[in-house]
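Structure data follow from upload-v4.txt (compact mmCIF, C-alpha atoms):
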```txt
# COMPACT_ATOMS: atom_id res chain seq x y z
CA MET A 1 -53.94 25.74 -38.91
CA GLY A 2 -53.68 25.95 -35.11
CA VAL A 3 -51.24 23.05 -35.04
CA PHE A 4 -49.06 24.75 -37.66
CA ILE A 5 -48.85 27.99 -35.66
CA ARG A 6 -48.04 26.18 -32.41
CA THR A 7 -45.30 24.20 -34.17
CA LEU A 8 -43.90 27.39 -35.74
CA ILE A 9 -43.86 29.18 -32.38
CA ALA A 10 -42.14 26.20 -30.71
CA CYS A 11 -39.49 26.14 -33.47
CA LEU A 12 -38.89 29.88 -33.09
CA ILE A 13 -38.50 29.55 -29.32
CA ILE A 14 -36.04 26.68 -29.75
CA CYS A 15 -34.06 28.61 -32.38
CA ALA A 16 -33.99 31.75 -30.23
CA GLY A 17 -32.80 29.71 -27.23
CA TYR A 18 -30.10 28.08 -29.34
CA TYR A 19 -28.99 31.51 -30.64
CA VAL A 20 -28.78 32.94 -27.11
CA TYR A 21 -26.88 29.90 -25.91
CA MET A 22 -24.38 29.81 -28.78
CA PHE A 23 -23.65 33.50 -29.26
CA LEU A 24 -24.48 35.26 -26.03
CA GLY A 25 -24.35 32.63 -23.29
CA LYS A 26 -20.85 31.42 -23.86
CA GLU A 27 -17.74 32.58 -25.63
CA SER A 28 -18.00 32.18 -29.31
CA TYR A 29 -15.19 30.68 -31.27
CA GLN A 30 -12.64 33.16 -32.51
CA PRO A 31 -9.24 32.22 -33.81
CA LEU A 32 -6.32 33.56 -31.81
CA ASN A 33 -4.81 36.63 -33.25
CA THR A 34 -1.22 36.71 -32.08
CA ASN A 35 -0.72 40.27 -33.30
CA GLU A 36 -3.15 41.76 -30.78
CA THR A 37 -1.93 42.97 -27.43
CA THR A 38 -3.67 42.04 -24.26
CA VAL A 39 -4.52 44.71 -21.73
CA THR A 40 -4.51 43.64 -18.13
CA ARG A 41 -5.92 45.57 -15.24
CA GLU A 42 -4.00 45.88 -11.98
CA VAL A 43 -5.94 45.18 -8.86
CA LYS A 44 -4.67 46.77 -5.68
CA THR A 45 -5.56 45.21 -2.36
CA ASP A 46 -4.86 46.31 1.16
CA LYS A 47 -3.55 42.94 2.16
CA ILE A 48 -0.83 41.43 0.12
CA GLN A 49 -0.42 37.71 0.57
CA PRO A 50 3.24 36.76 0.64
CA GLN A 51 4.10 34.01 -1.75
CA THR A 52 5.76 31.13 -0.05
CA PRO A 53 8.43 29.56 -2.16
CA LYS A 54 7.88 25.94 -2.97
CA ARG A 55 10.19 23.77 -0.96
CA GLU A 56 11.44 20.67 -2.54
CA GLU A 57 10.62 17.69 -0.40
CA PRO A 58 13.73 15.82 0.64
CA GLU A 59 13.97 12.51 -1.06
CA GLU A 60 13.09 9.72 1.29
CA LYS A 61 15.94 7.35 1.56
CA GLN A 62 14.85 3.85 0.72
CA GLU A 63 16.18 1.18 3.03
CA GLU A 64 16.53 -2.50 2.25
CA MET A 65 15.32 -5.30 4.42
CA GLN A 66 15.52 -9.05 3.99
CA ILE A 67 12.45 -11.26 3.93
CA CYS A 68 12.74 -15.03 4.23
CA PHE A 69 10.71 -17.15 1.83
CA MET A 70 11.08 -20.73 0.70
CA SER A 71 12.44 -21.98 -2.59
CA ASP A 72 12.62 -25.32 -4.34
CA GLU A 73 13.43 -28.34 -2.19
CA ASN A 74 12.24 -26.57 1.00
CA THR A 75 15.32 -24.37 1.33
CA THR A 76 15.12 -20.85 2.67
CA HIS A 77 15.60 -17.97 0.29
CA TYR A 78 16.06 -14.33 1.30
CA VAL A 79 14.67 -11.57 -0.91
CA LYS A 80 15.42 -7.89 -0.52
CA ARG A 81 12.61 -5.39 -0.29
CA LYS A 82 13.04 -1.63 -0.41
CA THR A 83 10.91 0.51 1.85
CA ASP A 84 10.82 4.03 3.27
CA LYS A 85 11.31 2.73 6.78
CA ALA A 86 12.72 -0.71 7.37
CA THR A 87 11.13 -1.84 10.62
CA LEU A 88 10.52 -5.27 12.03
CA GLU A 89 6.78 -4.72 11.74
CA GLY A 90 7.20 -3.68 8.10
CA ALA A 91 9.29 -6.79 7.40
CA ILE A 92 6.65 -9.10 8.89
CA GLU A 93 3.94 -7.35 6.85
CA GLU A 94 6.02 -7.82 3.68
CA LEU A 95 6.49 -11.48 4.59
CA LEU A 96 2.73 -11.93 4.98
CA LYS A 97 2.10 -10.31 1.58
CA GLY A 98 4.02 -13.17 0.05
CA PRO A 99 6.44 -13.19 -2.85
CA THR A 100 5.95 -10.95 -5.87
CA LYS A 101 5.10 -12.37 -9.29
CA TYR A 102 8.73 -11.93 -10.28
CA GLU A 103 9.95 -13.82 -7.21
CA THR A 104 7.37 -16.57 -7.77
CA SER A 105 8.53 -16.96 -11.36
CA HIS A 106 12.00 -17.67 -9.96
CA GLY A 107 10.85 -20.50 -7.68
CA VAL A 108 10.23 -18.53 -4.48
CA TYR A 109 7.11 -19.26 -2.44
CA SER A 110 5.73 -18.86 1.06
CA GLU A 111 4.33 -21.55 3.34
CA ILE A 112 2.36 -18.90 5.27
CA PRO A 113 -1.34 -18.85 4.26
CA GLN A 114 -2.35 -15.71 2.35
CA ASP A 115 -5.09 -14.61 4.75
CA VAL A 116 -2.82 -14.38 7.82
CA LYS A 117 -2.66 -10.86 9.28
CA LEU A 118 -0.18 -9.25 11.66
CA MET A 119 -1.89 -8.11 14.84
CA TRP A 120 1.21 -6.52 16.39
CA VAL A 121 4.93 -6.81 17.01
CA LYS A 122 6.34 -5.84 20.40
CA ASP A 123 9.83 -5.48 21.76
CA GLU A 124 8.97 -6.13 25.38
CA ASN A 125 11.15 -7.07 28.37
CA GLY A 126 14.10 -7.99 26.18
CA LYS A 127 12.09 -10.24 23.84
CA ILE A 128 10.39 -9.84 20.48
CA ILE A 129 6.75 -10.95 20.32
CA VAL A 130 5.13 -11.49 16.92
CA ASN A 131 1.34 -11.79 17.21
CA LEU A 132 -0.47 -13.17 14.15
CA THR A 133 -4.04 -14.21 13.48
CA ARG A 134 -4.98 -17.79 14.39
CA ASN A 135 -5.24 -18.92 10.74
CA PHE A 136 -1.42 -19.03 10.67
CA GLU A 137 -1.66 -22.59 11.98
CA TYR A 138 -4.31 -23.89 9.55
CA GLY A 139 -3.60 -26.00 6.48
CA GLY A 140 -0.53 -27.97 5.49
CA GLY A 141 1.27 -30.60 7.46
CA THR A 142 4.11 -30.70 9.93
CA LYS A 143 6.76 -29.62 7.40
CA SER A 144 4.63 -26.68 6.25
CA ILE A 145 4.16 -25.42 9.82
CA GLN A 146 7.88 -25.82 10.54
CA ASN A 147 8.68 -23.79 7.40
CA ARG A 148 6.21 -21.05 8.41
CA ILE A 149 7.91 -20.71 11.77
CA LYS A 150 11.31 -20.75 10.07
CA GLN A 151 10.22 -17.90 7.77
CA ILE A 152 9.09 -15.80 10.76
CA LYS A 153 12.22 -16.58 12.78
CA LEU A 154 14.70 -15.88 9.97
CA THR A 155 12.94 -12.68 8.89
CA VAL A 156 13.15 -11.37 12.48
CA ASP A 157 16.75 -12.59 12.83
CA SER A 158 17.74 -10.64 9.70
CA PHE A 159 17.44 -7.48 11.84
CA ASN A 160 20.26 -8.72 14.14
CA LEU A 161 18.38 -7.75 17.27
CA LYS A 162 19.96 -10.59 19.29
CA LYS A 163 16.73 -11.07 21.25
CA PRO A 164 14.54 -14.15 21.71
CA VAL A 165 11.53 -14.31 19.38
CA TYR A 166 8.15 -15.54 20.62
CA LEU A 167 5.16 -16.39 18.46
CA TYR A 168 1.65 -15.50 19.58
CA LEU A 169 -1.60 -16.32 17.79
CA ASP A 170 -4.61 -14.12 18.56
CA GLY A 171 -2.83 -12.72 21.61
CA LYS A 172 -1.81 -16.01 23.22
CA GLN A 173 1.62 -17.61 23.25
CA VAL A 174 1.68 -20.69 21.05
CA GLU A 175 2.45 -24.04 22.62
CA TYR A 176 0.96 -26.45 20.06
CA MET A 177 -0.03 -25.81 16.44
CA GLY A 178 -1.93 -27.52 13.67
CA GLY A 179 -4.19 -30.52 13.51
CA GLU A 180 -1.35 -32.82 14.54
CA GLY A 181 -0.65 -30.76 17.66
CA ILE A 182 2.95 -29.91 16.81
CA TYR A 183 4.83 -28.69 19.87
CA ILE A 184 6.34 -25.24 19.29
CA GLU A 185 9.47 -24.58 21.31
CA GLN A 186 9.61 -20.98 22.48
CA PRO A 187 11.60 -18.81 21.93
CA LEU A 188 11.74 -19.65 18.25
CA ASN A 189 15.43 -18.78 17.95
```
Can I see the file as structure tokens?
Amino acid sequence: MGVFIRTLIACLIICAGYYVYMFLGKESYQPLNTNETTVTREVKTDKIQPQTPKREEPEEKQEEMQICFMSDENTTHYVKRKTDKATLEGAIEELLKGPTKYETSHGVYSEIPQDVKLMWVKDENGKIIVNLTRNFEYGGGTKSIQNRIKQIKLTVDSFNLKKPVYLYLDGKQVEYMGGEGIYIEQPLN
């Protein structure tokens, strides 16, 4: 009999808790009556916050820049990329990202290894310096390295800066690259 009473009391407590939760603890479901009027109460405050009108942000003008990739038979192929700010640094970063899936499906590729990063680009003393990570020179043969340099040179030249372009790897001007020790004539252009 003691077990029965304890079970009954536990059920009553659970039912009472459920009742309080459903009907008193939260809003109960009532269908909307569209015929009723709603009364609102005005609240007066000493400080009135002025509402600032929302300003529409001016549309950023997208600029186009040309990136040089390779296409079938080792020929260069320019693609246009739209960006908020077409800078030389932005163009080199786009070049290092490689071609898009769409561009790849149309025979465009890059000789530059995918894990190459741009360290910095400087316009210094009348010359452009492009500093990349050392892995720019790894992999591929002589033709691949020549095409990588061509991609960098032609992407920079697309800005019509009329300045000599120098290639640095890990902060040092490149003289020889690759396993074959290919001599790199500087400036590139």
Worksheet item: For Gln62 (chain A), which of A:Asp84, A:Leu169, A:Glu103, A:His77 is the closest residue, counting all atoms listed in the file?
Response: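 Comparing A:Asp84, A:Leu169, A:Glu103, A:His77 against Gln62 (chain A), the winner is A:Asp84.
Computed from the coordinates, the CA of Thr83 (chain A) to CA of Met70 (chain A) distance equals 21.3 Å.
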Practice prompt. Would you mind listing what lies within 7 Å of Phe136 (chain A) as a list in words, with all atoms listed in the file counted and same-chain residues fewer than 6 positions away left out?
Written response: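 Once the nearby chain positions are removed, what remains is Ile112, Pro113 and Val116 of chain A.
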Dump as a short mmCIF file (atom, residue, chain, number, x, y, z; two decimals), keeping the file's coordinate frame, selection limited to C-alpha atoms:
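Once written, selection-v4.cif looks like this:
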```
data_model
loop_
_atom_site.label_atom_id
_atom_site.label_comp_id
_atom_site.auth_asym_id
_atom_site.auth_seq_id
_atom_site.Cartn_x
_atom_site.Cartn_y
_atom_site.Cartn_z
CA ILE A 112 2.36 -18.90 5.27
CA PRO A 113 -1.34 -18.85 4.26
CA VAL A 116 -2.82 -14.38 7.82
#
```
Worksheet item: Quick one: distance from CA of Tyr166 (chain A) to CA of Ser110 (chain A) in Å, one decimal?
Response: 20.0 Å
Fill in: Separation of CA of Glu64 (chain A) from CA of Lys82 (chain A), in Å and rounded to one decimal
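One can read the CA of Glu64 (chain A) to CA of Lys82 (chain A) distance as 4.5 Å.
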Select from region 47-136 of chain A every residue with an atom at most 7 Å from any atom of region 143-156 of chain A, then for each give the shortest pair of atoms and their distance in Å to one decimal, using only C-alpha atoms, rows by chain and rising number, as JSON lines.
```
{"residue": "A:Gln66", "atom": "CA", "partner": "A:Thr155", "partner_atom": "CA", "distance": 6.6}
{"residue": "A:Ile67", "atom": "CA", "partner": "A:Thr155", "partner_atom": "CA", "distance": 5.2}
{"residue": "A:Cys68", "atom": "CA", "partner": "A:Gln151", "partner_atom": "CA", "distance": 5.2}
{"residue": "A:Phe69", "atom": "CA", "partner": "A:Gln151", "partner_atom": "CA", "distance": 6.0}
{"residue": "A:Leu88", "atom": "CA", "partner": "A:Val156", "partner_atom": "CA", "distance": 6.7}
{"residue": "A:Glu111", "atom": "CA", "partner": "A:Arg148", "partner_atom": "CA", "distance": 5.4}
{"residue": "A:Ile112", "atom": "CA", "partner": "A:Arg148", "partner_atom": "CA", "distance": 5.4}
```
Worksheet entry | Who sits within 10 Å of Gln173 (chain A), all atoms listed in the file, same chain under 4 positions skipped, as JSON, numbers by chain | {"A": [129, 130, 131, 166, 167, 168, 169, 184, 186]}
Practice prompt. Go through A:Leu95, A:Gly181, A:Glu175, A:Glu89 and flag the residue nearest Met119 (chain A), using only C-alpha atoms for the distances.
Written response: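 Using only C-alpha atoms, Met119 (chain A) sits closest to A:Glu89.
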Discussion item. I'd like to know which of A:Gly17, A:Pro99, A:Gly126, A:Gly2 is closest to Lys162 (chain A), using all atoms listed in the file.
Written reply: A:Gly126
Any chance you could turn region 95-133 of chain A into a file with N, CA and C atoms, as a compact mmCIF listing (two decimals), in the first residue's frame?
```
# COMPACT_ATOMS: atom_id res chain seq x y z
N LEU A 95 45.75 35.45 -58.92
CA LEU A 95 46.57 34.55 -59.73
C LEU A 95 46.95 33.31 -58.92
N LEU A 96 47.32 33.52 -57.66
CA LEU A 96 47.74 32.40 -56.81
C LEU A 96 46.57 31.49 -56.43
N LYS A 97 45.36 32.02 -56.44
CA LYS A 97 44.18 31.17 -56.17
C LYS A 97 43.98 30.16 -57.29
N GLY A 98 44.43 30.52 -58.47
CA GLY A 98 44.27 29.62 -59.61
C GLY A 98 42.97 29.88 -60.34
N PRO A 99 42.79 29.17 -61.45
CA PRO A 99 41.56 29.37 -62.23
C PRO A 99 40.34 28.78 -61.52
N THR A 100 39.18 29.33 -61.83
CA THR A 100 37.93 28.82 -61.28
C THR A 100 37.57 27.51 -61.99
N LYS A 101 36.57 26.82 -61.47
CA LYS A 101 36.13 25.57 -62.10
C LYS A 101 35.65 25.84 -63.52
N TYR A 102 34.98 26.96 -63.71
CA TYR A 102 34.49 27.32 -65.04
C TYR A 102 35.67 27.52 -65.99
N GLU A 103 36.68 28.25 -65.53
CA GLU A 103 37.85 28.51 -66.38
C GLU A 103 38.60 27.21 -66.68
N THR A 104 38.71 26.35 -65.68
CA THR A 104 39.38 25.06 -65.87
C THR A 104 38.64 24.22 -66.90
N SER A 105 37.31 24.28 -66.85
CA SER A 105 36.53 23.49 -67.81
C SER A 105 36.70 23.99 -69.24
N HIS A 106 37.24 25.20 -69.39
CA HIS A 106 37.50 25.76 -70.72
C HIS A 106 38.99 25.71 -71.08
N GLY A 107 39.75 24.84 -70.42
CA GLY A 107 41.14 24.61 -70.80
C GLY A 107 42.15 25.55 -70.19
N VAL A 108 41.77 26.31 -69.18
CA VAL A 108 42.69 27.26 -68.54
C VAL A 108 43.29 26.58 -67.31
N TYR A 109 44.60 26.75 -67.12
CA TYR A 109 45.26 26.19 -65.94
C TYR A 109 46.38 27.12 -65.50
N SER A 110 46.96 26.81 -64.35
CA SER A 110 48.06 27.60 -63.84
C SER A 110 49.25 26.69 -63.59
N GLU A 111 50.43 27.16 -63.92
CA GLU A 111 51.66 26.42 -63.64
C GLU A 111 52.13 26.66 -62.21
N ILE A 112 51.59 27.67 -61.55
CA ILE A 112 52.02 28.02 -60.19
C ILE A 112 51.44 27.00 -59.21
N PRO A 113 52.28 26.40 -58.36
CA PRO A 113 51.77 25.44 -57.38
C PRO A 113 50.71 26.07 -56.47
N GLN A 114 49.74 25.26 -56.05
CA GLN A 114 48.60 25.77 -55.28
C GLN A 114 48.96 26.31 -53.91
N ASP A 115 50.03 25.83 -53.30
CA ASP A 115 50.34 26.25 -51.93
C ASP A 115 51.26 27.47 -51.85
N VAL A 116 51.50 28.14 -52.97
CA VAL A 116 52.32 29.35 -52.99
C VAL A 116 51.50 30.51 -52.41
N LYS A 117 52.12 31.28 -51.54
CA LYS A 117 51.46 32.43 -50.91
C LYS A 117 52.21 33.71 -51.27
N LEU A 118 51.47 34.79 -51.32
CA LEU A 118 52.05 36.12 -51.54
C LEU A 118 52.49 36.67 -50.20
N MET A 119 53.75 37.03 -50.09
CA MET A 119 54.24 37.63 -48.85
C MET A 119 54.00 39.14 -48.88
N TRP A 120 54.36 39.79 -49.98
CA TRP A 120 54.07 41.20 -50.18
C TRP A 120 54.39 41.63 -51.60
N VAL A 121 53.84 42.77 -51.96
CA VAL A 121 54.15 43.44 -53.23
C VAL A 121 54.53 44.86 -52.87
N LYS A 122 55.65 45.33 -53.41
CA LYS A 122 56.09 46.69 -53.12
C LYS A 122 56.37 47.43 -54.41
N ASP A 123 56.03 48.70 -54.41
CA ASP A 123 56.42 49.62 -55.47
C ASP A 123 57.50 50.49 -54.83
N GLU A 124 58.75 50.13 -55.07
CA GLU A 124 59.85 50.72 -54.33
C GLU A 124 60.95 51.19 -55.28
N ASN A 125 61.35 52.44 -55.15
CA ASN A 125 62.44 53.01 -55.96
C ASN A 125 62.24 52.80 -57.45
N GLY A 126 61.00 52.97 -57.91
CA GLY A 126 60.73 52.87 -59.34
C GLY A 126 60.67 51.44 -59.86
N LYS A 127 60.57 50.46 -58.97
CA LYS A 127 60.46 49.07 -59.42
C LYS A 127 59.38 48.35 -58.60
N ILE A 128 58.80 47.33 -59.21
CA ILE A 128 57.79 46.51 -58.55
C ILE A 128 58.48 45.23 -58.06
N ILE A 129 58.32 44.93 -56.78
CA ILE A 129 58.89 43.71 -56.21
C ILE A 129 57.74 42.81 -55.78
N VAL A 130 57.71 41.60 -56.31
CA VAL A 130 56.72 40.60 -55.93
C VAL A 130 57.44 39.54 -55.11
N ASN A 131 57.07 39.41 -53.83
CA ASN A 131 57.73 38.46 -52.94
C ASN A 131 56.77 37.31 -52.64
N LEU A 132 57.15 36.11 -53.07
CA LEU A 132 56.34 34.91 -52.87
C LEU A 132 57.07 33.94 -51.94
N THR A 133 56.33 32.93 -51.48
CA THR A 133 56.97 31.90 -50.67
C THR A 133 57.86 31.03 -51.55
```
